[in-house]
file entry-v2.cif (mmCIF, C-alpha atoms (C1' of nucleotides))
data_run
#
loop_
_atom_site.label_atom_id
_atom_site.label_comp_id
_atom_site.auth_asym_id
_atom_site.auth_seq_id
_atom_site.Cartn_x
_atom_site.Cartn_y
_atom_site.Cartn_z
CA MET A 92 -20.58 -109.05 -52.14
CA GLN A 93 -22.35 -106.03 -53.61
CA ASP A 94 -22.98 -108.26 -56.62
CA THR A 95 -25.72 -109.94 -54.62
CA LEU A 96 -27.37 -106.55 -54.21
CA PHE A 97 -27.08 -105.57 -57.86
CA ASP A 98 -28.25 -108.98 -58.99
CA PHE A 99 -31.29 -108.53 -56.82
CA ILE A 100 -32.00 -105.01 -58.01
CA SER A 101 -31.58 -105.97 -61.65
CA ASN A 102 -34.66 -108.15 -61.30
CA TYR A 103 -36.69 -104.99 -60.95
CA ILE A 104 -34.90 -102.01 -62.48
CA SER A 105 -31.65 -101.40 -64.34
CA LEU A 106 -28.93 -99.21 -62.89
CA THR A 107 -26.14 -97.27 -64.57
CA GLU A 108 -22.61 -97.54 -63.23
CA ASP A 109 -22.99 -94.06 -61.78
CA GLU A 110 -26.08 -95.08 -59.93
CA LYS A 111 -24.39 -98.18 -58.61
CA ASN A 112 -21.46 -96.14 -57.38
CA ALA A 113 -23.78 -93.64 -55.74
CA LEU A 114 -25.41 -96.51 -53.90
CA LEU A 115 -22.10 -97.97 -52.79
CA SER A 116 -20.84 -94.60 -51.59
CA LEU A 117 -23.63 -94.53 -49.01
CA ASP A 118 -21.75 -97.14 -47.04
CA LEU A 119 -24.77 -99.17 -46.04
CA PHE A 120 -22.99 -102.49 -45.74
CA HIS A 121 -22.38 -103.98 -42.35
CA SER A 122 -20.73 -107.12 -41.10
CA VAL A 123 -22.66 -108.62 -38.21
CA LYS A 124 -21.45 -111.40 -35.93
CA LYS A 125 -23.55 -114.48 -35.22
CA GLY A 126 -25.69 -113.99 -32.15
CA THR A 127 -25.86 -110.20 -32.43
CA THR A 128 -29.27 -108.78 -31.57
CA LEU A 129 -30.31 -106.18 -34.14
CA LEU A 130 -33.64 -105.22 -32.62
CA LYS A 131 -35.09 -105.81 -29.16
CA GLU A 132 -38.67 -106.04 -27.96
CA GLY A 133 -39.86 -102.67 -26.70
CA GLN A 134 -37.29 -100.81 -28.77
CA LYS A 135 -38.11 -98.27 -31.46
CA SER A 136 -36.10 -98.33 -34.65
CA GLN A 137 -36.08 -96.89 -38.14
CA ASP A 138 -33.80 -99.49 -39.65
CA PHE A 139 -34.66 -102.05 -42.24
CA TYR A 140 -32.45 -104.85 -43.50
CA PHE A 141 -31.45 -106.58 -46.67
CA VAL A 142 -29.49 -109.80 -46.32
CA LEU A 143 -26.50 -109.99 -48.64
CA LYS A 144 -25.00 -113.02 -46.95
CA GLY A 145 -25.95 -115.03 -43.90
CA CYS A 146 -29.19 -115.41 -42.01
CA ILE A 147 -31.20 -113.38 -39.55
CA ARG A 148 -34.32 -114.35 -37.66
CA LYS A 149 -37.32 -112.71 -36.09
CA TYR A 150 -38.64 -114.05 -32.80
CA TYR A 151 -41.02 -113.23 -30.01
CA ILE A 152 -40.53 -114.07 -26.36
CA ILE A 153 -43.85 -115.35 -25.04
CA ASP A 154 -44.04 -116.67 -21.48
CA GLY A 155 -40.26 -116.72 -21.42
CA GLU A 156 -40.08 -118.84 -24.55
CA GLU A 157 -38.58 -117.90 -27.88
CA LYS A 158 -41.02 -118.21 -30.77
CA THR A 159 -39.30 -117.84 -34.12
CA THR A 160 -41.67 -116.70 -36.87
CA ALA A 161 -39.33 -115.96 -39.76
CA PHE A 162 -35.87 -116.50 -41.20
CA TYR A 163 -34.34 -114.15 -43.73
CA THR A 164 -31.50 -115.32 -45.94
CA GLU A 165 -29.64 -114.09 -49.04
CA MET A 166 -31.77 -111.63 -51.07
CA ASP A 167 -34.47 -111.34 -48.40
CA ALA A 168 -35.57 -107.93 -47.20
CA LEU A 169 -37.00 -107.23 -43.77
CA THR A 170 -38.79 -104.09 -42.70
CA PRO A 171 -39.75 -104.46 -39.05
CA HIS A 172 -43.34 -103.69 -38.18
CA CYS A 173 -42.26 -101.02 -35.70
CA VAL A 174 -40.61 -99.06 -38.52
CA LEU A 175 -43.93 -98.79 -40.35
CA THR A 176 -46.01 -97.93 -37.31
CA ASN A 177 -43.37 -96.09 -35.28
CA THR A 178 -44.31 -98.10 -32.19
CA PRO A 179 -42.08 -100.16 -29.87
CA SER A 180 -41.19 -103.50 -31.42
CA GLU A 181 -43.04 -106.59 -30.26
CA TYR A 182 -40.26 -108.87 -31.35
CA PHE A 183 -36.54 -109.43 -31.56
CA ILE A 184 -34.32 -109.70 -34.61
CA SER A 185 -31.00 -111.43 -34.34
CA CYS A 186 -28.21 -112.91 -36.39
CA VAL A 187 -28.24 -116.68 -36.88
CA GLU A 188 -24.92 -116.71 -38.72
CA ASP A 189 -22.09 -114.25 -39.29
CA SER A 190 -23.79 -112.07 -41.91
CA ILE A 191 -23.34 -109.17 -44.23
CA LEU A 192 -26.33 -106.87 -44.22
CA LEU A 193 -27.42 -103.74 -45.93
CA ILE A 194 -28.90 -101.61 -43.17
CA SER A 195 -30.82 -98.53 -44.15
CA ASN A 196 -33.54 -96.29 -42.72
CA SER A 197 -36.35 -94.00 -43.83
CA ASP A 198 -34.10 -90.95 -44.11
CA VAL A 199 -31.54 -92.64 -46.29
CA SER A 200 -34.10 -94.33 -48.47
CA ALA A 201 -36.03 -91.08 -48.88
CA GLU A 202 -32.79 -89.57 -50.11
CA ILE A 203 -32.22 -92.45 -52.51
CA ASN A 204 -35.76 -92.32 -53.81
CA ASN A 205 -35.28 -88.63 -54.35
CA LYS A 206 -32.11 -89.04 -56.37
CA PHE A 207 -33.33 -92.13 -58.23
CA PRO A 208 -37.09 -92.17 -58.70
CA LYS A 209 -36.63 -95.63 -60.20
CA PHE A 210 -36.29 -96.95 -56.70
CA ASP A 211 -39.82 -96.00 -55.91
CA ILE A 212 -40.97 -98.29 -58.67
CA MET A 213 -38.90 -101.14 -57.33
CA CYS A 214 -40.23 -100.63 -53.82
CA ARG A 215 -43.80 -100.80 -55.05
CA ILE A 216 -43.25 -103.98 -57.00
CA LEU A 217 -41.35 -105.45 -54.10
CA SER A 218 -44.03 -104.78 -51.54
CA GLU A 219 -46.72 -106.12 -53.87
CA GLU A 220 -44.68 -109.27 -54.44
CA LEU A 221 -44.01 -109.60 -50.77
CA LEU A 222 -47.69 -109.34 -49.91
CA ALA A 223 -48.56 -112.04 -52.43
CA LYS A 224 -45.80 -114.35 -51.17
CA GLN A 225 -46.81 -113.70 -47.58
CA GLN A 226 -50.41 -114.67 -48.27
CA ILE A 227 -49.48 -117.91 -50.00
CA ASN A 228 -47.11 -118.73 -47.16
CA PHE A 229 -49.76 -118.06 -44.57
CA ASP A 230 -52.28 -120.23 -46.38
CA GLU A 231 -49.76 -123.02 -46.71
CA PHE A 232 -48.98 -122.87 -43.02
CA LYS A 233 -52.64 -122.85 -42.04
CA THR A 234 -53.60 -125.76 -44.22
CA SER A 235 -50.69 -128.02 -43.23
CA SER A 236 -49.82 -130.23 -40.27
CA PRO A 237 -46.41 -129.79 -38.62
CA GLU A 238 -45.18 -132.85 -40.52
CA LEU A 239 -46.31 -131.45 -43.86
CA ARG A 240 -44.79 -128.09 -42.99
CA TYR A 241 -41.47 -129.79 -42.37
CA LEU A 242 -41.66 -131.71 -45.64
CA ASN A 243 -42.52 -128.51 -47.49
CA LEU A 244 -39.57 -126.76 -45.91
CA LEU A 245 -37.38 -129.64 -47.00
CA GLN A 246 -38.58 -128.98 -50.56
CA ASN A 247 -38.57 -125.20 -50.59
CA ARG A 248 -35.76 -124.11 -48.29
CA PRO A 249 -33.59 -127.17 -47.69
CA ASP A 250 -30.66 -124.94 -46.74
CA LEU A 251 -32.53 -123.65 -43.68
CA ILE A 252 -32.64 -127.11 -42.15
CA GLN A 253 -28.86 -127.28 -42.33
CA ARG A 254 -27.95 -123.82 -41.23
CA VAL A 255 -30.46 -123.13 -38.47
CA PRO A 256 -30.49 -124.70 -34.96
CA GLN A 257 -33.20 -127.34 -34.56
CA HIS A 258 -34.96 -125.67 -31.67
CA GLN A 259 -35.38 -122.50 -33.72
CA LEU A 260 -36.65 -124.53 -36.66
CA ALA A 261 -39.10 -126.32 -34.38
CA SER A 262 -40.69 -123.13 -33.15
CA TYR A 263 -40.78 -121.87 -36.74
CA LEU A 264 -42.85 -124.98 -37.55
CA GLY A 265 -45.08 -124.31 -34.57
CA ILE A 266 -43.89 -127.21 -32.40
CA LYS A 267 -41.41 -128.06 -29.62
CA PRO A 268 -37.86 -129.26 -30.35
CA GLN A 269 -38.67 -132.71 -28.94
CA SER A 270 -41.60 -133.02 -31.34
CA LEU A 271 -39.39 -132.08 -34.26
CA SER A 272 -36.89 -134.81 -33.33
CA ARG A 273 -39.70 -137.32 -33.09
CA LEU A 274 -41.24 -136.16 -36.34
CA ARG A 275 -37.95 -136.55 -38.17
CA ALA A 276 -37.47 -140.03 -36.74
CA ARG A 277 -41.02 -140.87 -37.88
CA ILE A 278 -40.28 -139.70 -41.43
CA LEU A 279 -37.05 -141.71 -41.62
CA GLU A 280 -38.97 -144.76 -40.38
CA LYS A 281 -41.56 -144.37 -43.14
CA LYS A 282 -38.93 -144.08 -45.87
CA SER A 283 -37.30 -147.38 -44.96
CA MET B 29 -74.65 -98.46 -48.61
CA GLN B 30 -72.12 -96.41 -50.57
CA ASP B 31 -71.55 -94.60 -47.29
CA THR B 32 -69.52 -97.60 -46.16
CA LEU B 33 -67.31 -97.10 -49.17
CA PHE B 34 -66.85 -93.38 -48.71
CA ASP B 35 -66.26 -93.78 -45.00
CA PHE B 36 -63.54 -96.22 -45.85
CA ILE B 37 -61.95 -94.06 -48.51
CA SER B 38 -62.03 -90.99 -46.29
CA ASN B 39 -59.54 -92.72 -44.02
CA TYR B 40 -56.98 -92.35 -46.77
CA ILE B 41 -57.88 -89.53 -49.15
CA SER B 42 -60.65 -86.94 -49.43
CA LEU B 43 -63.04 -86.93 -52.38
CA THR B 44 -65.08 -84.14 -53.88
CA GLU B 45 -68.76 -84.70 -54.64
CA ASP B 46 -67.88 -84.89 -58.31
CA GLU B 47 -65.38 -87.60 -57.68
CA LYS B 48 -67.84 -89.52 -55.57
CA ASN B 49 -70.43 -89.32 -58.32
CA ALA B 50 -67.91 -90.42 -60.91
CA LEU B 51 -67.19 -93.45 -58.77
CA LEU B 52 -70.85 -94.28 -58.30
CA SER B 53 -71.55 -93.93 -62.01
CA LEU B 54 -69.20 -96.83 -62.67
CA ASP B 55 -71.85 -99.17 -61.31
CA LEU B 56 -69.47 -101.40 -59.40
CA PHE B 57 -71.94 -102.48 -56.72
CA HIS B 58 -73.32 -105.97 -56.75
CA SER B 59 -75.75 -107.88 -54.59
CA VAL B 60 -74.59 -111.45 -54.09
CA LYS B 61 -76.66 -114.26 -52.59
CA LYS B 62 -75.35 -116.44 -49.78
CA GLY B 63 -73.62 -119.53 -51.14
CA THR B 64 -72.62 -117.94 -54.44
CA THR B 65 -69.16 -118.92 -55.61
CA LEU B 66 -67.25 -115.87 -56.84
CA LEU B 67 -64.05 -117.61 -57.85
CA LYS B 68 -63.26 -121.27 -58.45
CA GLU B 69 -60.01 -123.17 -58.23
CA GLY B 70 -58.34 -123.37 -61.64
CA GLN B 71 -60.15 -120.30 -62.89
CA LYS B 72 -58.46 -117.11 -64.05
CA SER B 73 -59.98 -113.81 -63.02
CA GLN B 74 -59.21 -110.12 -62.99
CA ASP B 75 -61.73 -109.20 -60.33
CA PHE B 76 -61.06 -107.93 -56.88
CA TYR B 77 -63.58 -107.32 -54.14
CA PHE B 78 -64.46 -104.84 -51.46
CA VAL B 79 -67.07 -105.91 -48.93
CA LEU B 80 -69.68 -103.22 -48.26
CA LYS B 81 -71.99 -105.53 -46.37
CA GLY B 82 -71.91 -109.22 -45.59
CA CYS B 83 -69.11 -111.76 -45.53
CA ILE B 84 -67.10 -113.71 -48.06
CA ARG B 85 -64.55 -116.41 -47.48
CA LYS B 86 -61.51 -117.86 -49.18
CA TYR B 87 -60.98 -121.61 -49.05
CA TYR B 88 -58.89 -124.36 -50.57
CA ILE B 89 -60.06 -127.87 -51.29
CA ILE B 90 -57.28 -130.23 -50.20
CA ASP B 91 -57.86 -133.97 -50.36
CA GLY B 92 -61.54 -133.28 -50.85
CA GLU B 93 -61.72 -131.15 -47.72
CA GLU B 94 -62.49 -127.47 -47.48
CA LYS B 95 -59.79 -125.45 -45.73
CA THR B 96 -60.92 -121.91 -44.99
CA THR B 97 -58.01 -119.50 -44.65
CA ALA B 98 -59.73 -116.10 -44.52
CA PHE B 99 -62.99 -114.27 -43.93
CA TYR B 100 -63.63 -110.81 -45.32
CA THR B 101 -66.32 -108.63 -43.77
CA GLU B 102 -67.41 -104.98 -43.95
CA MET B 103 -64.55 -102.71 -45.12
CA ASP B 104 -62.28 -105.59 -46.04
CA ALA B 105 -60.66 -105.69 -49.48
CA LEU B 106 -59.63 -108.87 -51.25
CA THR B 107 -57.40 -109.09 -54.28
CA PRO B 108 -57.06 -112.75 -55.23
CA HIS B 109 -53.56 -113.98 -55.79
CA CYS B 110 -54.41 -115.08 -59.32
CA VAL B 111 -55.19 -111.47 -60.26
CA LEU B 112 -51.67 -110.39 -59.33
CA THR B 113 -49.91 -113.29 -61.02
CA ASN B 114 -52.37 -113.95 -63.84
CA THR B 115 -52.32 -117.67 -63.07
CA PRO B 116 -55.21 -120.06 -62.39
CA SER B 117 -56.57 -119.65 -58.88
CA GLU B 118 -55.53 -122.16 -56.24
CA TYR B 119 -58.55 -121.43 -54.12
CA PHE B 120 -62.26 -120.66 -54.02
CA ILE B 121 -64.02 -117.53 -52.91
CA SER B 122 -67.64 -117.71 -51.89
CA CYS B 123 -70.35 -115.80 -50.13
CA VAL B 124 -71.02 -116.69 -46.49
CA GLU B 125 -74.00 -114.32 -46.20
CA ASP B 126 -76.13 -112.34 -48.61
CA SER B 127 -73.68 -109.54 -49.35
CA ILE B 128 -73.19 -106.30 -51.17
CA LEU B 129 -69.82 -106.11 -52.85
CA LEU B 130 -67.88 -103.67 -54.91
CA ILE B 131 -66.39 -105.74 -57.71
CA SER B 132 -63.76 -104.15 -59.90
CA ASN B 133 -60.88 -105.23 -62.12
CA SER B 134 -57.53 -104.01 -63.41
CA ASP B 135 -59.03 -102.21 -66.41
CA VAL B 136 -61.56 -100.29 -64.38
CA SER B 137 -59.11 -99.42 -61.65
CA ALA B 138 -56.50 -98.33 -64.20
CA GLU B 139 -59.15 -95.99 -65.54
CA ILE B 140 -59.96 -94.70 -62.07
CA ASN B 141 -56.31 -94.21 -61.22
CA ASN B 142 -55.93 -92.33 -64.45
CA LYS B 143 -58.79 -89.97 -63.73
CA PHE B 144 -57.99 -89.61 -60.04
CA PRO B 145 -54.29 -89.99 -59.30
CA LYS B 146 -55.23 -89.74 -55.63
CA PHE B 147 -56.35 -93.32 -55.79
CA ASP B 148 -52.85 -94.45 -56.47
CA ILE B 149 -51.81 -92.96 -53.17
CA MET B 150 -54.59 -94.76 -51.37
CA CYS B 151 -53.68 -98.07 -52.98
CA ARG B 152 -50.08 -97.73 -51.87
CA ILE B 153 -51.00 -96.95 -48.29
CA LEU B 154 -53.54 -99.73 -48.33
CA SER B 155 -51.17 -102.39 -49.53
CA GLU B 156 -48.53 -101.28 -47.06
CA GLU B 157 -51.08 -101.44 -44.24
CA LEU B 158 -52.32 -104.78 -45.43
CA LEU B 159 -48.81 -106.22 -45.50
CA ALA B 160 -48.20 -105.05 -41.94
CA LYS B 161 -51.53 -106.46 -40.70
CA GLN B 162 -50.91 -109.71 -42.54
CA GLN B 163 -47.52 -110.16 -40.88
CA ILE B 164 -48.88 -109.54 -37.41
CA ASN B 165 -51.74 -111.94 -38.08
CA PHE B 166 -49.39 -114.60 -39.33
CA ASP B 167 -47.15 -114.25 -36.31
CA GLU B 168 -50.12 -114.43 -33.98
CA PHE B 169 -51.34 -117.58 -35.66
CA LYS B 170 -47.93 -119.21 -35.56
CA THR B 171 -47.31 -118.46 -31.92
CA SER B 172 -50.72 -119.61 -30.65
CA SER B 173 -52.40 -122.92 -29.92
CA PRO B 174 -55.86 -123.57 -31.42
CA GLU B 175 -57.41 -122.68 -28.06
CA LEU B 176 -55.57 -119.37 -27.88
CA ARG B 177 -56.48 -118.65 -31.48
CA TYR B 178 -60.13 -119.14 -30.62
CA LEU B 179 -59.87 -116.89 -27.57
CA ASN B 180 -58.12 -114.23 -29.65
CA LEU B 181 -60.84 -114.43 -32.26
CA LEU B 182 -63.42 -114.02 -29.51
CA GLN B 183 -61.62 -110.79 -28.57
CA ASN B 184 -60.85 -109.40 -32.00
CA ARG B 185 -63.66 -110.51 -34.28
CA PRO B 186 -66.48 -111.73 -32.01
CA ASP B 187 -69.00 -111.18 -34.81
CA LEU B 188 -67.35 -113.89 -36.92
CA ILE B 189 -68.16 -116.56 -34.35
CA GLN B 190 -71.82 -115.66 -34.64
CA ARG B 191 -72.17 -115.22 -38.36
CA VAL B 192 -69.98 -118.02 -39.70
CA PRO B 193 -70.77 -121.78 -39.64
CA GLN B 194 -68.75 -123.64 -37.01
CA HIS B 195 -67.09 -126.05 -39.42
CA GLN B 196 -65.74 -123.13 -41.45
CA LEU B 197 -64.51 -121.45 -38.28
CA ALA B 198 -62.84 -124.68 -37.21
CA SER B 199 -60.82 -124.98 -40.38
CA TYR B 200 -59.96 -121.27 -40.11
CA LEU B 201 -58.49 -122.08 -36.68
CA GLY B 202 -56.61 -125.01 -38.17
CA ILE B 203 -58.64 -127.79 -36.53
CA LYS B 204 -61.62 -130.12 -37.18
CA PRO B 205 -65.20 -129.17 -36.26
CA GLN B 206 -65.29 -131.87 -33.56
CA SER B 207 -62.19 -130.38 -31.97
CA LEU B 208 -63.75 -126.93 -31.97
CA SER B 209 -66.84 -128.26 -30.18
CA ARG B 210 -64.65 -129.94 -27.60
CA LEU B 211 -62.47 -126.88 -27.21
CA ARG B 212 -65.49 -124.67 -26.57
CA ALA B 213 -66.84 -127.14 -24.02
CA ARG B 214 -63.43 -127.12 -22.33
CA ILE B 215 -63.42 -123.33 -22.11
CA LEU B 216 -66.93 -123.22 -20.63
CA GLU B 217 -65.85 -125.83 -18.08
CA LYS B 218 -62.87 -123.69 -17.02
CA LYS B 219 -64.99 -120.57 -16.59
CA SER B 220 -67.33 -122.23 -14.12
"C1'" DT C 244 -7.01 -128.17 -23.94
"C1'" DG C 245 -10.44 -128.84 -20.71
"C1'" DC C 246 -14.66 -127.17 -18.47
"C1'" DA C 247 -19.21 -125.36 -18.85
"C1'" DT C 248 -23.08 -124.51 -21.41
"C1'" DT C 249 -26.14 -125.22 -24.92
"C1'" DT C 250 -28.24 -128.27 -28.10
"C1'" DC C 251 -30.19 -132.54 -29.75
"C1'" DT C 252 -32.22 -136.86 -29.04
"C1'" DT C 253 -34.71 -140.49 -26.59
"C1'" DA C 254 -38.12 -142.11 -23.35
"C1'" DA C 255 -42.32 -142.33 -20.40
"C1'" DC C 256 -46.29 -140.06 -19.43
"C1'" DT C 257 -50.05 -136.39 -20.18
"C1'" DT C 258 -52.96 -133.68 -22.94
"C1'" DA C 259 -55.12 -132.27 -27.02
"C1'" DA C 260 -56.31 -132.99 -31.77
"C1'" DG C 261 -57.76 -136.49 -35.53
"C1'" DT C 262 -61.09 -140.18 -36.79
"C1'" DG C 263 -65.33 -142.64 -37.31
"C1'" DA C 264 -69.83 -143.05 -35.87
"C1'" DA C 265 -74.24 -141.74 -33.95
"C1'" DC C 266 -77.98 -138.64 -33.11
"C1'" DG C 267 -80.71 -134.52 -32.66
"C1'" DA C 268 -81.22 -129.80 -34.49
"C1'" DA C 269 -81.24 -126.69 -38.11
"C1'" DT C 270 -81.43 -125.60 -42.83
"C1'" DT C 271 -82.64 -126.41 -47.61
"C1'" DA C 272 -85.10 -128.24 -51.21
"C1'" DT C 273 -89.25 -130.13 -53.15
"C1'" DA D 298 -95.34 -129.07 -44.92
"C1'" DT D 299 -92.46 -132.74 -45.33
"C1'" DA D 300 -88.47 -135.05 -46.68
"C1'" DA D 301 -83.62 -134.68 -47.32
"C1'" DT D 302 -79.51 -132.84 -46.42
"C1'" DT D 303 -76.29 -130.39 -43.80
"C1'" DC D 304 -74.60 -129.04 -39.35
"C1'" DG D 305 -73.22 -129.24 -34.51
"C1'" DT D 306 -72.29 -131.96 -30.63
"C1'" DT D 307 -70.98 -136.05 -28.09
"C1'" DC D 308 -68.48 -140.40 -27.47
"C1'" DA D 309 -64.88 -143.94 -27.79
"C1'" DC D 310 -60.68 -144.72 -29.74
"C1'" DT D 311 -56.19 -143.45 -32.19
"C1'" DT D 312 -52.45 -140.53 -33.19
"C1'" DA D 313 -49.52 -136.74 -32.53
"C1'" DA D 314 -47.84 -132.98 -29.83
"C1'" DG D 315 -46.66 -131.09 -24.95
"C1'" DT D 316 -44.06 -132.03 -20.70
"C1'" DT D 317 -40.55 -133.58 -17.74
"C1'" DA D 318 -36.37 -135.72 -17.26
"C1'" DA D 319 -31.97 -137.71 -18.53
"C1'" DG D 320 -27.97 -138.42 -21.15
"C1'" DA D 321 -25.02 -137.76 -25.30
"C1'" DA D 322 -23.09 -134.57 -28.62
"C1'" DA D 323 -21.66 -130.21 -30.04
"C1'" DT D 324 -20.28 -125.62 -29.07
"C1'" DG D 325 -18.33 -121.85 -26.72
"C1'" DC D 326 -15.25 -120.04 -23.43
"C1'" DA D 327 -11.27 -119.64 -20.31
#
call {"tool": "encode", "arguments": {"input": "entry-v2.cif", "output": "structure tokens"}}
result
Amino acid sequence: MQDTLFDFISNYISLTEDEKNALLSLDLFHSVKKGTTLLKEGQKSQDFYFVLKGCIRKYYIIDGEEKTTAFYTEMDALTPHCVLTNTPSEYFISCVEDSILLISNSDVSAEINNKFPKFDIMCRILSEELLAKQQINFDEFKTSSPELRYLNLLQNRPDLIQRVPQHQLASYLGIKPQSLSRLRARILEKKS
Amino acid sequence: MQDTLFDFISNYISLTEDEKNALLSLDLFHSVKKGTTLLKEGQKSQDFYFVLKGCIRKYYIIDGEEKTTAFYTEMDALTPHCVLTNTPSEYFISCVEDSILLISNSDVSAEINNKFPKFDIMCRILSEELLAKQQINFDEFKTSSPELRYLNLLQNRPDLIQRVPQHQLASYLGIKPQSLSRLRARILEKKS
DNA sequence: TGCATTTCTTAACTTAAGTGAACGAATTAT
DNA sequence: ATAATTCGTTCACTTAAGTTAAGAAATGCA
């Protein structure tokens, strides 16, 4: 399981065995059951997450309705907005599948960065990469219709469509579950 | 005019007069006429922009249609994606109004960061802030209808509605100009 | 296992956005 | 200053998404 973590890290920096062991000794790995809520609206938290296995999602509740805005799967990192701003969270984070997560916080990561300055470098690259990805994603969403968004998802993250409930997918695409059903039927129609 | 720049910078780090003069001596300020294209699709570039006065926009051309995904006004910074990845740009950047811009590039900013390590700190805070803002923006867009997006814009960036052509605004909201006209008429109707 | 709940799909109807066209107003170019 | 283009709005019509409701399928729980 930790292999996923070290694979990920090796994309950015290289670690000695000692460093790897130091990381593992921090005991940051957690098994989380499907359906568990990791962060609630209104709650303050210092924790950020790295998905080793499974899937977590971020969602708002607006007028009593869940609006899912992101899914995080293997090798995705999530730092909630409230951690950065130290304000109550505006959204929820919960587990879509039984998952194994690395859960850390500012204190721990400050300690790590202290011991291994390399990590600072990785964090910088990571956040730069993330910003770039985020912008492209945003642009893609803005410039596409719901149907195109679905087709893009089918291309880029086909696994999501299998592992995530339809009604969560629908709100992720910016539409209602009924519209997603219809849209899929429409696409099948066209193919034949 | 440079006051805008120093006001901005003072939010992050403090500069001595010497440092300010060193910055000014680099001659990074440019006057750009309305309608000027700063970056074209397919083009590679190392330049990034900081808006001192005026407004620039980022847009894609998809199926022959302009899709505006962002407006940058006073105190906004824009680093095109192609600068980060050193790939041909997927979008255009052009001037909405006569503007005064700070235009810099990796070489110059490496030089600045070398002379004034402070700047590195500012850049890190900036990109962290930007990422956070970007995420909130994205979520807001995803969870809103075109009408709500327009009303939010009216709240948060009322100036944009005045200074930007309606058809560019429309595509920024993810709809056609005709729909924006209708939507505005609908809102006026409701008010009365 | 069986019951209850949640989830997914289908359908009919409503509402809002897309499309194509027309026309006046504003802007730009000559 | 005038002609030409671009821009914004309106309209009629089409298409797609929202809404409400119902039933089937899957899931969770006792």
call {"tool": "residues_around", "arguments": {"input": "entry-v2.cif", "residues": "range 100-106 of chain A", "least_positions_apart": "2", "cutoff": "10 Å", "atoms": "only C-alpha atoms (C1' of nucleotides)", "output": "VMD selection string"}}
result
chain A and resid 94 to 98 108 to 112 166 207 209 to 210 212 to 214 216 to 217
call {"tool": "atom_distance", "arguments": {"input": "entry-v2.cif", "atom1": "CA of Thr160 in chain A", "atom2": "CA of Asn165 in chain B"}}
result
11.2 Å
call {"tool": "interface_residues", "arguments": {"input": "entry-v2.cif", "of": "chain C", "to": "chain A", "cutoff": "10 Å", "atoms": "all atoms listed in the file", "output": "list in words"}}
result
DT250, DC251, DT252 and DT253 of chain C
call {"tool": "residues_around", "arguments": {"input": "entry-v2.cif", "residues": "DT249 in chain C", "least_positions_apart": "4", "cutoff": "9 Å", "atoms": "only C-alpha atoms (C1' of nucleotides)", "output": "ChimeraX atom specification"}}
result
/D:323-325
call {"tool": "resolve_selection", "arguments": {"input": "entry-v2.cif", "expression": "the PyMOL selection byres ((chain A) within 10 of (chain B))", "output": "JSON list (two decimals) with C-alpha atoms, in the frame of the given file"}}
result
[["chain", "number", "residue", "atom", "x", "y", "z"],
["A", 149, "LYS", "CA", -37.32, -112.71, -36.09],
["A", 150, "TYR", "CA", -38.64, -114.05, -32.80],
["A", 151, "TYR", "CA", -41.02, -113.23, -30.01],
["A", 152, "ILE", "CA", -40.53, -114.07, -26.36],
["A", 153, "ILE", "CA", -43.85, -115.35, -25.04],
["A", 157, "GLU", "CA", -38.58, -117.90, -27.88],
["A", 158, "LYS", "CA", -41.02, -118.21, -30.77],
["A", 159, "THR", "CA", -39.30, -117.84, -34.12],
["A", 160, "THR", "CA", -41.67, -116.70, -36.87],
["A", 161, "ALA", "CA", -39.33, -115.96, -39.76],
["A", 170, "THR", "CA", -38.79, -104.09, -42.70],
["A", 171, "PRO", "CA", -39.75, -104.46, -39.05],
["A", 172, "HIS", "CA", -43.34, -103.69, -38.18],
["A", 173, "CYS", "CA", -42.26, -101.02, -35.70],
["A", 175, "LEU", "CA", -43.93, -98.79, -40.35],
["A", 176, "THR", "CA", -46.01, -97.93, -37.31],
["A", 181, "GLU", "CA", -43.04, -106.59, -30.26],
["A", 215, "ARG", "CA", -43.80, -100.80, -55.05],
["A", 218, "SER", "CA", -44.03, -104.78, -51.54],
["A", 219, "GLU", "CA", -46.72, -106.12, -53.87],
["A", 220, "GLU", "CA", -44.68, -109.27, -54.44],
["A", 221, "LEU", "CA", -44.01, -109.60, -50.77],
["A", 222, "LEU", "CA", -47.69, -109.34, -49.91],
["A", 223, "ALA", "CA", -48.56, -112.04, -52.43],
["A", 224, "LYS", "CA", -45.80, -114.35, -51.17],
["A", 225, "GLN", "CA", -46.81, -113.70, -47.58],
["A", 226, "GLN", "CA", -50.41, -114.67, -48.27],
["A", 227, "ILE", "CA", -49.48, -117.91, -50.00],
["A", 228, "ASN", "CA", -47.11, -118.73, -47.16],
["A", 229, "PHE", "CA", -49.76, -118.06, -44.57],
["A", 230, "ASP", "CA", -52.28, -120.23, -46.38],
["A", 231, "GLU", "CA", -49.76, -123.02, -46.71],
["A", 232, "PHE", "CA", -48.98, -122.87, -43.02],
["A", 233, "LYS", "CA", -52.64, -122.85, -42.04],
["A", 234, "THR", "CA", -53.60, -125.76, -44.22],
["A", 235, "SER", "CA", -50.69, -128.02, -43.23],
["A", 236, "SER", "CA", -49.82, -130.23, -40.27],
["A", 262, "SER", "CA", -40.69, -123.13, -33.15],
["A", 263, "TYR", "CA", -40.78, -121.87, -36.74],
["A", 264, "LEU", "CA", -42.85, -124.98, -37.55],
["A", 265, "GLY", "CA", -45.08, -124.31, -34.57],
["A", 266, "ILE", "CA", -43.89, -127.21, -32.40]]
call {"tool": "atom_distance", "arguments": {"input": "entry-v2.cif", "atom1": "CA of Asn177 in chain A", "atom2": "CA of Gln137 in chain A"}}
result
7.9 Å
